[in-house]
Each structure stands twice: as C-alpha cells, then as structure tokens.
file final_20.txt (compact mmCIF, C-alpha atoms)
# COMPACT_ATOMS: atom_id res chain seq x y z
CA MET I 1 36.38 -171.35 94.24
CA THR I 2 39.66 -171.05 92.36
CA LEU I 3 40.50 -173.48 89.57
CA THR I 4 43.82 -175.31 89.81
CA LYS I 5 46.26 -175.84 86.96
CA ASP I 6 45.04 -179.43 86.70
CA ASP I 7 41.42 -178.20 86.55
CA LEU I 8 42.26 -175.94 83.62
CA ILE I 9 43.76 -178.89 81.76
CA ARG I 10 41.08 -181.46 82.74
CA TYR I 11 38.14 -179.20 81.82
CA ASN I 12 39.79 -177.30 78.97
CA ARG I 13 37.34 -178.39 76.28
CA GLN I 14 34.21 -177.41 78.17
CA ILE I 15 35.71 -174.18 79.48
CA ARG I 16 36.06 -173.19 75.82
CA ILE I 17 32.29 -173.42 75.28
CA TYR I 18 30.85 -169.98 74.52
CA GLY I 19 29.22 -168.56 77.66
CA PHE I 20 30.68 -171.26 79.91
CA GLY I 21 34.26 -170.23 80.53
CA ARG I 22 36.18 -170.31 83.78
CA LYS I 23 33.24 -168.78 85.66
CA GLY I 24 31.02 -171.65 84.63
CA GLN I 25 33.62 -174.17 85.73
CA GLU I 26 34.04 -172.40 89.06
CA LYS I 27 30.29 -172.55 89.62
CA LEU I 28 30.35 -176.29 88.92
CA LYS I 29 33.23 -176.76 91.34
CA LYS I 30 31.17 -175.07 94.08
CA SER I 31 28.01 -177.06 93.33
CA SER I 32 26.33 -179.84 95.29
CA ILE I 33 24.16 -182.30 93.36
CA LEU I 34 21.94 -185.08 94.71
CA VAL I 35 21.37 -188.11 92.48
CA VAL I 36 18.46 -190.22 93.70
CA GLY I 37 18.91 -193.70 92.32
CA ALA I 38 22.06 -195.50 91.14
CA GLY I 39 20.41 -197.48 88.36
CA GLY I 40 20.56 -196.89 84.60
CA LEU I 41 19.69 -193.20 84.77
CA GLY I 42 21.73 -192.47 87.87
CA CYS I 43 24.84 -194.21 86.58
CA ALA I 44 24.93 -192.20 83.36
CA ALA I 45 24.03 -188.88 84.99
CA SER I 46 26.50 -189.20 87.86
CA MET I 47 29.31 -190.25 85.50
CA TYR I 48 29.00 -187.14 83.36
CA LEU I 49 28.52 -184.82 86.32
CA THR I 50 31.66 -186.29 87.85
CA VAL I 51 33.83 -185.89 84.77
CA ALA I 52 32.39 -182.38 84.27
CA GLY I 53 33.79 -181.35 87.66
CA ALA I 54 30.80 -180.92 89.97
CA GLY I 55 32.08 -180.17 93.47
CA ARG I 56 30.02 -182.68 95.44
CA ILE I 57 27.76 -185.49 94.27
CA SER I 58 25.64 -187.51 96.68
CA ILE I 59 23.89 -190.73 95.72
CA ILE I 60 20.83 -192.23 97.40
CA ASP I 61 20.18 -195.93 96.81
CA GLN I 62 19.67 -198.77 99.27
CA ASP I 63 19.56 -201.59 96.71
CA LYS I 64 22.26 -204.14 95.95
CA VAL I 65 23.68 -204.94 92.53
CA GLU I 66 22.00 -207.86 90.74
CA LEU I 67 22.95 -209.69 87.56
CA SER I 68 19.86 -208.33 85.80
CA ASN I 69 21.11 -204.75 86.37
CA LEU I 70 24.27 -205.15 84.32
CA ASN I 71 22.80 -204.56 80.86
CA ARG I 72 22.10 -200.89 81.64
CA GLN I 73 23.65 -199.82 84.96
CA VAL I 74 27.15 -199.21 83.67
CA LEU I 75 28.85 -198.29 86.95
CA HIS I 76 28.13 -201.80 88.26
CA TRP I 77 30.26 -204.68 87.02
CA GLN I 78 30.22 -208.45 87.36
CA LYS I 79 32.44 -208.31 90.45
CA ASP I 80 29.95 -205.94 92.15
CA ILE I 81 27.02 -208.36 92.30
CA GLY I 82 25.76 -208.34 95.89
CA LYS I 83 27.42 -205.03 96.72
CA GLN I 84 25.48 -201.89 97.68
CA LYS I 85 24.81 -199.89 94.52
CA ALA I 86 25.75 -196.60 96.15
CA ALA I 87 29.14 -198.01 97.17
CA SER I 88 29.73 -199.63 93.78
CA ALA I 89 28.98 -196.36 91.98
CA THR I 90 31.16 -194.33 94.33
CA GLU I 91 34.16 -196.59 93.72
CA LYS I 92 34.05 -196.05 89.94
CA LEU I 93 33.24 -192.33 90.11
CA HIS I 94 36.21 -191.68 92.38
CA GLN I 95 38.47 -193.37 89.84
CA MET I 96 37.05 -191.20 87.05
CA ASN I 97 37.69 -187.95 88.89
CA PRO I 98 39.24 -188.05 92.38
CA THR I 99 38.85 -184.27 92.77
CA VAL I 100 35.06 -184.61 93.10
CA LYS I 101 33.64 -185.41 96.54
CA ILE I 102 31.31 -188.41 96.29
CA GLU I 103 28.96 -189.19 99.18
CA THR I 104 26.43 -191.97 99.61
CA TYR I 105 23.12 -192.42 101.39
CA PRO I 106 22.23 -196.14 101.47
CA SER I 107 18.73 -195.07 102.54
CA LYS I 108 15.15 -195.76 101.54
CA ALA I 109 13.67 -193.44 98.93
CA THR I 110 11.00 -191.92 101.20
CA TYR I 111 9.55 -188.46 101.69
CA SER I 112 10.98 -188.21 105.21
CA THR I 113 14.47 -188.95 103.86
CA PHE I 114 14.13 -186.47 101.01
CA LYS I 115 12.70 -183.74 103.22
CA LYS I 116 15.78 -183.81 105.45
CA ILE I 117 18.42 -183.66 102.77
CA VAL I 118 17.29 -182.02 99.49
CA LYS I 119 17.74 -178.53 100.94
CA LYS I 120 21.50 -179.17 101.14
CA TYR I 121 21.82 -179.33 97.34
CA ASN I 122 21.73 -176.95 94.39
CA VAL I 123 20.04 -179.49 92.10
CA VAL I 124 18.38 -182.89 92.58
CA LEU I 125 18.11 -185.59 89.91
CA ASP I 126 15.18 -188.00 89.84
CA CYS I 127 16.78 -191.24 88.63
CA LEU I 128 14.17 -193.44 90.30
CA ASP I 129 12.21 -196.34 88.87
CA ASN I 130 8.85 -195.97 90.64
CA TRP I 131 6.27 -193.19 90.78
CA PRO I 132 5.43 -193.10 94.51
CA SER I 133 9.09 -192.30 95.25
CA ARG I 134 9.22 -189.80 92.40
CA PHE I 135 6.19 -187.96 93.70
CA ALA I 136 7.67 -187.94 97.22
CA LEU I 137 10.92 -186.48 95.87
CA ASN I 138 9.01 -183.89 93.82
CA LYS I 139 7.08 -182.80 96.90
CA ALA I 140 10.23 -182.41 99.01
CA CYS I 141 11.96 -180.41 96.29
CA VAL I 142 8.97 -178.12 95.75
CA GLU I 143 8.64 -177.46 99.48
CA ASN I 144 12.32 -176.59 99.72
CA ARG I 145 12.39 -174.66 96.39
CA VAL I 146 15.14 -176.93 95.02
CA PRO I 147 15.26 -177.62 91.25
CA LEU I 148 14.52 -181.22 90.27
CA ILE I 149 15.40 -182.91 86.99
CA HIS I 150 13.10 -185.83 86.19
CA ALA I 151 13.75 -188.62 83.72
CA GLY I 152 11.94 -191.82 82.92
CA ILE I 153 12.44 -194.59 80.37
CA ARG I 154 10.55 -197.44 78.77
CA GLU I 155 11.78 -199.88 76.12
CA MET I 156 13.85 -197.76 73.67
CA SER I 157 12.38 -194.39 74.65
CA GLY I 158 12.42 -191.85 77.45
CA GLN I 159 11.45 -188.43 78.78
CA VAL I 160 13.10 -185.57 80.66
CA ALA I 161 11.68 -182.49 82.39
CA THR I 162 13.25 -179.84 84.60
CA ILE I 163 11.19 -178.77 87.60
CA LYS I 164 12.00 -175.32 88.90
CA PRO I 165 9.56 -174.48 91.74
CA ASN I 166 7.65 -171.24 91.15
CA SER I 167 9.02 -170.96 87.60
CA GLY I 168 7.07 -173.76 85.98
CA PRO I 169 5.01 -176.90 86.61
CA CYS I 170 6.07 -179.54 89.09
CA LEU I 171 6.17 -183.24 88.29
CA GLN I 172 2.65 -183.79 89.58
CA CYS I 173 1.35 -181.02 87.33
CA ILE I 174 2.75 -182.92 84.36
CA PHE I 175 1.68 -186.35 85.63
CA PRO I 176 -1.31 -185.92 87.99
CA LYS I 177 -1.65 -189.67 88.47
CA ALA I 178 1.03 -192.33 88.66
CA PRO I 179 1.15 -194.77 85.74
CA LYS I 180 0.38 -198.40 86.48
CA ALA I 181 3.15 -200.02 88.49
CA GLU I 182 4.97 -202.68 86.51
CA GLU I 183 8.46 -203.90 85.64
CA TRP I 184 8.85 -202.44 82.17
CA PRO I 185 11.20 -203.63 79.43
CA VAL I 186 14.21 -201.44 78.65
CA LEU I 187 17.09 -201.34 76.20
CA GLY I 188 20.27 -200.57 78.15
CA ALA I 189 21.24 -197.55 76.06
CA ALA I 190 17.92 -195.73 76.67
CA PRO I 191 18.52 -194.77 80.33
CA GLY I 192 22.09 -193.90 79.32
CA MET I 193 20.81 -191.31 76.86
CA MET I 194 18.24 -189.84 79.25
CA GLY I 195 20.76 -189.74 82.11
CA CYS I 196 23.17 -187.79 79.91
CA ILE I 197 20.45 -185.24 79.20
CA GLN I 198 19.77 -184.96 82.94
CA ALA I 199 23.46 -184.17 83.49
CA ILE I 200 23.36 -181.46 80.82
CA GLU I 201 20.23 -179.95 82.38
CA ALA I 202 21.90 -179.88 85.80
CA ILE I 203 24.98 -178.18 84.39
CA LYS I 204 22.80 -175.59 82.62
CA LEU I 205 20.99 -174.76 85.86
CA ILE I 206 24.22 -174.46 87.84
CA THR I 207 26.14 -172.40 85.31
CA GLY I 208 23.25 -170.34 83.98
CA ILE I 209 23.94 -171.12 80.33
CA GLY I 210 21.34 -172.32 77.85
CA GLU I 211 17.60 -172.78 78.28
CA PRO I 212 16.59 -175.53 80.73
CA LEU I 213 13.56 -177.74 80.12
CA VAL I 214 11.33 -175.74 82.48
CA GLY I 215 7.74 -175.92 81.26
CA ARG I 216 8.63 -178.53 78.64
CA LEU I 217 8.60 -182.31 78.58
CA LEU I 218 11.27 -183.63 76.22
CA ILE I 219 10.39 -186.99 74.70
CA TYR I 220 12.76 -189.30 72.87
CA ASP I 221 11.30 -191.99 70.61
CA GLY I 222 14.08 -194.51 70.19
CA GLU I 223 12.31 -196.60 67.57
CA ALA I 224 11.78 -193.59 65.31
CA ALA I 225 15.07 -191.91 66.35
CA SER I 226 13.27 -188.62 66.99
CA PHE I 227 13.00 -185.98 69.70
CA TYR I 228 10.08 -183.68 70.35
CA SER I 229 8.92 -181.55 73.27
CA ILE I 230 5.53 -180.76 74.75
CA ARG I 231 4.75 -177.48 76.48
CA VAL I 232 3.38 -178.07 79.97
CA LYS I 233 1.88 -175.57 82.42
CA ARG I 234 1.34 -175.38 86.15
CA ARG I 235 -2.03 -176.58 87.34
CA ALA I 236 -3.68 -174.05 89.63
CA LYS I 237 -5.20 -176.87 91.68
CA CYS I 238 -2.05 -178.97 91.90
CA LYS I 239 -1.87 -180.37 95.44
CA VAL I 240 1.91 -179.99 95.49
CA CYS I 241 2.71 -176.61 93.94
CA GLY I 242 -0.69 -174.96 93.50
CA ASN I 243 -0.20 -172.74 96.55
CA LEU I 244 3.27 -171.49 95.62
CA ARG I 245 3.56 -167.75 95.07
call {"tool": "encode", "arguments": {"input": "final_20.txt", "output": "structure tokens"}}
result
Amino acid sequence: MTLTKDDLIRYNRQIRIYGFGRKGQEKLKKSSILVVGAGGLGCAASMYLTVAGAGRISIIDQDKVELSNLNRQVLHWQKDIGKQKAASATEKLHQMNPTVKIETYPSKATYSTFKKIVKKYNVVLDCLDNWPSRFALNKACVENRVPLIHAGIREMSGQVATIKPNSGPCLQCIFPKAPKAEEWPVLGAAPGMMGCIQAIEAIKLITGIGEPLVGRLLIYDGEAASFYSIRVKRRAKCKVCGNLR
C-alpha cells in the first residue's frame, strides 16, 4: 500500500527509525488489529496504534462509560458517561488520525464471538479485565494461529506477554489457573504504561523489527520503578496449545 505525501510527513519520525523505514510504515498501513476491551489498557494501546498509522483497528467492548472509569480510561471523558465505550473511543481515535479505519463491536467478550472474528486480524490485543474472557480469547487466537498480546495490571504494576502460536507458550501455559476474581485497585497511569507496551509489541510483530516478548513475561513493578522478565515455556500438556505442531 503506497504512502501518501501526508503519510510521509505524519509518520516521518518513526519512518526514520533504523530498520523501520517506509516498508515498515507500509506494513502498518496494510495491517488489521483487534483490540479487545476499551478500558485503561485498550485506550492507551489503541491511541498509539492509531497515531502510528495502523490501517484498521477494531474495538470490542459492550460496556458503557461510568464515572469510576475516568481516572484511567483516557479516551472517555466526563461528557461520555452513559455512552458505549466502543463508540466513545472511536470518536476520539478518529479525531487523532482520520486516515485510520476504526470499527467497533459492541459485543460480549465470549469465545463464540472471538472465534468468528480473530481470524480477520493480523494481531489481537488482550485488554480485558477478567480471566475467563482472557482464556477464551487466548483459545480462539491459538486455534486460528493469530498472535495475541496480553497485558494485565494491579495497583501500580503490570505485565505483558506476546503469544505467538507454535512459536512459544500460550497464555494458559503461563497462567494455568485463573487468579481469584476480584475488583483490584489500580493507579490510572499503570494500564497506560502497559497499553503502550502492547502497542509497541503489535508494531514489532507487524513490521518485523525488534524482538517480541515471545516466551517471556515482562513485569513492571511500579513501586520499585523496575522492569524484569521471566522466561516461560510451552507446557506439553497444555489443554489449549499442547497439540499444536
């Protein structure tokens, strides 16, 4: 897909990155990315994918904006309370970069939904806030061999992992059992940071530059202001990806 004169101006600074270039920008312009969840993670990730020039971004979220969302979900403003999150996010993203096609799915985060649509995308982002839905999304992505970028947050900290079926462990290899369901505390900036890392991981996968977090779980400790990563491997008996060859 050819870059326009405006594209070359808009994306000039990232085109100048070594190994990225016009080819990398063209790959981004051709890409389709699915963001599942328009909360704290999804807002940050979709913002930076939009301004980076992804060709098409689709957002799944059936929830409506609430006052308690506004400390961390930066695409939703006071005037949006009561509005569908997917619609609220789309409105702001279109203003940021009208050249990017933004689509919405105001649908439930279920396996049947994911199974139908993940195969239409180059990369899927897990920006969810509950583990049953995350595991359902992981399963659909593994079955369709679509890369998945997971992120999770708690308090001032967070984690990110890139799932590339057949090239590393899936989410259920890393977390065999779901943590206890609860409404956890969170500092608004924490999902912003993790969502930005998700966007970078997606861009790396699409353009082929850098080393994605496949086989590694990146952990950010906000209280200590430190990053570290843990090597993770596929589990031969994983019920989701154990039979992949």
call {"tool": "closest_atom_pairs", "arguments": {"input": "final_20.txt", "of": "segment 151-180 of chain I", "to": "segment 72-78 of chain I", "cutoff": "12 Å", "atoms": "all atoms listed in the file", "output": "CSV"}}
result
residue,atom,partner,partner_atom,distance
I:Ile153,CA,I:Arg72,CA,11.6
I:Glu155,CA,I:Arg72,CA,11.7
I:Met156,CA,I:Arg72,CA,11.9
call {"tool": "closest_residue", "arguments": {"input": "final_20.txt", "among": "I:Thr110, I:Ser32, I:Ser46, I:Gln172", "to": "Lys237 of chain I", "atoms": "all atoms listed in the file"}}
result
I:Gln172
call {"tool": "closest_residue", "arguments": {"input": "final_20.txt", "among": "I:Tyr121, I:Tyr11, I:Phe135, I:Phe175", "to": "Gly24 of chain I", "atoms": "all atoms listed in the file"}}
result
I:Tyr11
call {"tool": "closest_residue", "arguments": {"input": "final_20.txt", "among": "I:Arg145, I:Lys116, I:Arg231, I:Arg154", "to": "Asp129 of chain I", "atoms": "all atoms listed in the file"}}
result
I:Arg154
call {"tool": "atom_distance", "arguments": {"input": "final_20.txt", "atom1": "atom CA of Lys29 of chain I", "atom2": "atom CA of Ile163 of chain I"}}
result
22.4 Å
call {"tool": "closest_residue", "arguments": {"input": "final_20.txt", "among": "I:Leu218, I:Ile17, I:Ala54, I:Cys170", "to": "Leu93 of chain I", "atoms": "all atoms listed in the file"}}
result
I:Ala54
call {"tool": "residues_around", "arguments": {"input": "final_20.txt", "residues": "Lys119 of chain I", "least_positions_apart": "2", "cutoff": "7 Å", "atoms": "only C-alpha atoms", "output": "ChimeraX atom specification"}}
result
/I:117,121,144,146
call {"tool": "residues_around", "arguments": {"input": "final_20.txt", "residues": "Val240 of chain I", "least_positions_apart": "3", "cutoff": "12 Å", "atoms": "all atoms listed in the file", "output": "list in words"}}
result
Phe135, Ala136, Leu137, Asn138, Lys139, Ala140, Cys141, Val142, Glu143, Asn144, Arg145, Pro165, Asn166, Pro169, Cys170, Leu171, Gln172, Cys173, Ile174, Phe175, Pro176, Arg234, Arg235, Ala236, Lys237, Asn243 and Leu244 of chain I
call {"tool": "write_last_selection", "arguments": {"input": "final_20.txt", "atoms": "C-alpha atoms", "output": "short mmCIF file (atom, residue, chain, number, x, y, z; two decimals), in the frame of the given file"}}
result
data_model
loop_
_atom_site.label_atom_id
_atom_site.label_comp_id
_atom_site.auth_asym_id
_atom_site.auth_seq_id
_atom_site.Cartn_x
_atom_site.Cartn_y
_atom_site.Cartn_z
CA PHE I 135 6.19 -187.96 93.70
CA ALA I 136 7.67 -187.94 97.22
CA LEU I 137 10.92 -186.48 95.87
CA ASN I 138 9.01 -183.89 93.82
CA LYS I 139 7.08 -182.80 96.90
CA ALA I 140 10.23 -182.41 99.01
CA CYS I 141 11.96 -180.41 96.29
CA VAL I 142 8.97 -178.12 95.75
CA GLU I 143 8.64 -177.46 99.48
CA ASN I 144 12.32 -176.59 99.72
CA ARG I 145 12.39 -174.66 96.39
CA PRO I 165 9.56 -174.48 91.74
CA ASN I 166 7.65 -171.24 91.15
CA PRO I 169 5.01 -176.90 86.61
CA CYS I 170 6.07 -179.54 89.09
CA LEU I 171 6.17 -183.24 88.29
CA GLN I 172 2.65 -183.79 89.58
CA CYS I 173 1.35 -181.02 87.33
CA ILE I 174 2.75 -182.92 84.36
CA PHE I 175 1.68 -186.35 85.63
CA PRO I 176 -1.31 -185.92 87.99
CA ARG I 234 1.34 -175.38 86.15
CA ARG I 235 -2.03 -176.58 87.34
CA ALA I 236 -3.68 -174.05 89.63
CA LYS I 237 -5.20 -176.87 91.68
CA ASN I 243 -0.20 -172.74 96.55
CA LEU I 244 3.27 -171.49 95.62
#
call {"tool": "residues_around", "arguments": {"input": "final_20.txt", "residues": "segment 198-214 of chain I", "least_positions_apart": "2", "cutoff": "7 Å", "atoms": "only C-alpha atoms", "output": "MDAnalysis selection string"}}
result
chainID I and resid 19:20 24 27:28 45 48:49 123 149 161:164 168 194:196 216:217
call {"tool": "atom_distance", "arguments": {"input": "final_20.txt", "atom1": "atom CA of Ala181 of chain I", "atom2": "atom CA of Ala38 of chain I"}}
result
19.6 Å
call {"tool": "axis_aligned_box", "arguments": {"input": "final_20.txt", "around": "segment 130-143 of chain I", "padding_each_side": "5 Å", "output": "JSON"}}
result
{"center_x": 8.7, "center_y": -186.7, "center_z": 95.1, "size_x": 16.5, "size_y": 28.5, "size_z": 18.8}
call {"tool": "residues_around", "arguments": {"input": "final_20.txt", "residues": "Gly152 of chain I", "least_positions_apart": "6", "cutoff": "8 Å", "atoms": "all atoms listed in the file", "output": "PDB file with C-alpha atoms, in the frame of the given file"}}
result
ATOM      1  CA  CYS I 127      16.780-191.240  88.630  1.00  0.00           C
ATOM      2  CA  LEU I 128      14.170-193.440  90.300  1.00  0.00           C
ATOM      3  CA  ASP I 129      12.210-196.340  88.870  1.00  0.00           C
ATOM      4  CA  GLY I 158      12.420-191.850  77.450  1.00  0.00           C
ATOM      5  CA  GLN I 159      11.450-188.430  78.780  1.00  0.00           C
ATOM      6  CA  VAL I 160      13.100-185.570  80.660  1.00  0.00           C
ATOM      7  CA  PRO I 191      18.520-194.770  80.330  1.00  0.00           C
ATOM      8  CA  MET I 194      18.240-189.840  79.250  1.00  0.00           C
TER       9      MET I 194
END
call {"tool": "atom_distance", "arguments": {"input": "final_20.txt", "atom1": "atom CA of Gly55 of chain I", "atom2": "atom CA of Gln95 of chain I"}}
result
15.1 Å
call {"tool": "closest_residue", "arguments": {"input": "final_20.txt", "among": "I:Arg134, I:Lys64, I:Lys233, I:Lys83", "to": "Phe114 of chain I", "atoms": "all atoms listed in the file"}}
result
I:Arg134
call {"tool": "build_atoms", "arguments": {"input": "final_20.txt", "residues": "segment 195-231 of chain I", "atoms": "N, CA and C atoms", "output": "compact mmCIF listing (two decimals), in the frame of the given file"}}
result
# COMPACT_ATOMS: atom_id res chain seq x y z
N GLY I 195 19.91 -190.18 81.01
CA GLY I 195 20.76 -189.74 82.11
C GLY I 195 21.76 -188.68 81.67
N CYS I 196 22.27 -188.81 80.45
CA CYS I 196 23.17 -187.79 79.91
C CYS I 196 22.46 -186.45 79.78
N ILE I 197 21.22 -186.48 79.33
CA ILE I 197 20.45 -185.24 79.20
C ILE I 197 20.20 -184.63 80.59
N GLN I 198 19.92 -185.47 81.58
CA GLN I 198 19.77 -184.96 82.94
C GLN I 198 21.03 -184.23 83.40
N ALA I 199 22.19 -184.81 83.10
CA ALA I 199 23.46 -184.17 83.49
C ALA I 199 23.61 -182.82 82.81
N ILE I 200 23.27 -182.74 81.54
CA ILE I 200 23.36 -181.46 80.82
C ILE I 200 22.41 -180.44 81.43
N GLU I 201 21.20 -180.86 81.76
CA GLU I 201 20.23 -179.95 82.38
C GLU I 201 20.75 -179.42 83.72
N ALA I 202 21.35 -180.30 84.51
CA ALA I 202 21.90 -179.88 85.80
C ALA I 202 23.01 -178.85 85.61
N ILE I 203 23.88 -179.10 84.65
CA ILE I 203 24.98 -178.18 84.39
C ILE I 203 24.45 -176.83 83.90
N LYS I 204 23.41 -176.84 83.10
CA LYS I 204 22.80 -175.59 82.62
C LYS I 204 22.23 -174.79 83.79
N LEU I 205 21.55 -175.46 84.71
CA LEU I 205 20.99 -174.76 85.86
C LEU I 205 22.09 -174.15 86.74
N ILE I 206 23.14 -174.91 86.95
CA ILE I 206 24.22 -174.46 87.84
C ILE I 206 25.01 -173.31 87.24
N THR I 207 25.30 -173.41 85.95
CA THR I 207 26.14 -172.40 85.31
C THR I 207 25.37 -171.21 84.75
N GLY I 208 24.06 -171.42 84.53
CA GLY I 208 23.25 -170.34 83.98
C GLY I 208 23.31 -170.22 82.47
N ILE I 209 23.92 -171.19 81.79
CA ILE I 209 23.94 -171.12 80.33
C ILE I 209 22.81 -171.95 79.74
N GLY I 210 22.38 -171.57 78.54
CA GLY I 210 21.34 -172.32 77.85
C GLY I 210 19.95 -172.12 78.42
N GLU I 211 19.01 -172.85 77.87
CA GLU I 211 17.60 -172.78 78.28
C GLU I 211 17.16 -174.13 78.83
N PRO I 212 17.00 -174.24 80.14
CA PRO I 212 16.59 -175.53 80.73
C PRO I 212 15.18 -175.93 80.29
N LEU I 213 14.86 -177.19 80.51
CA LEU I 213 13.56 -177.74 80.12
C LEU I 213 12.47 -177.42 81.14
N VAL I 214 12.38 -176.17 81.54
CA VAL I 214 11.33 -175.74 82.48
C VAL I 214 10.07 -175.46 81.66
N GLY I 215 8.98 -176.10 82.02
CA GLY I 215 7.74 -175.92 81.26
C GLY I 215 7.69 -176.73 79.98
N ARG I 216 8.61 -177.67 79.83
CA ARG I 216 8.63 -178.53 78.64
C ARG I 216 8.93 -179.96 79.05
N LEU I 217 8.29 -180.90 78.41
CA LEU I 217 8.60 -182.31 78.58
C LEU I 217 9.26 -182.78 77.29
N LEU I 218 10.53 -183.15 77.38
CA LEU I 218 11.27 -183.63 76.22
C LEU I 218 11.08 -185.13 76.10
N ILE I 219 10.67 -185.58 74.92
CA ILE I 219 10.39 -186.99 74.70
C ILE I 219 11.28 -187.52 73.59
N TYR I 220 11.92 -188.64 73.86
CA TYR I 220 12.76 -189.30 72.87
C TYR I 220 12.10 -190.60 72.46
N ASP I 221 11.86 -190.76 71.17
CA ASP I 221 11.30 -191.99 70.61
C ASP I 221 12.45 -192.75 69.98
N GLY I 222 12.92 -193.77 70.67
CA GLY I 222 14.08 -194.51 70.19
C GLY I 222 13.82 -195.30 68.92
N GLU I 223 12.62 -195.82 68.77
CA GLU I 223 12.31 -196.60 67.57
C GLU I 223 12.32 -195.73 66.32
N ALA I 224 11.82 -194.50 66.46
CA ALA I 224 11.78 -193.59 65.31
C ALA I 224 13.02 -192.70 65.23
N ALA I 225 13.87 -192.76 66.26
CA ALA I 225 15.07 -191.91 66.35
C ALA I 225 14.69 -190.44 66.22
N SER I 226 13.73 -190.02 67.06
CA SER I 226 13.27 -188.62 66.99
C SER I 226 13.07 -188.05 68.39
N PHE I 227 13.26 -186.74 68.49
CA PHE I 227 13.00 -185.98 69.70
C PHE I 227 11.87 -185.00 69.43
N TYR I 228 11.03 -184.79 70.43
CA TYR I 228 10.08 -183.68 70.35
C TYR I 228 9.75 -183.25 71.78
N SER I 229 9.26 -182.03 71.93
CA SER I 229 8.92 -181.55 73.27
C SER I 229 7.49 -181.07 73.32
N ILE I 230 6.91 -181.18 74.50
CA ILE I 230 5.53 -180.76 74.75
C ILE I 230 5.55 -179.64 75.78
N ARG I 231 4.87 -178.56 75.51
CA ARG I 231 4.75 -177.48 76.48
C ARG I 231 3.81 -177.92 77.59
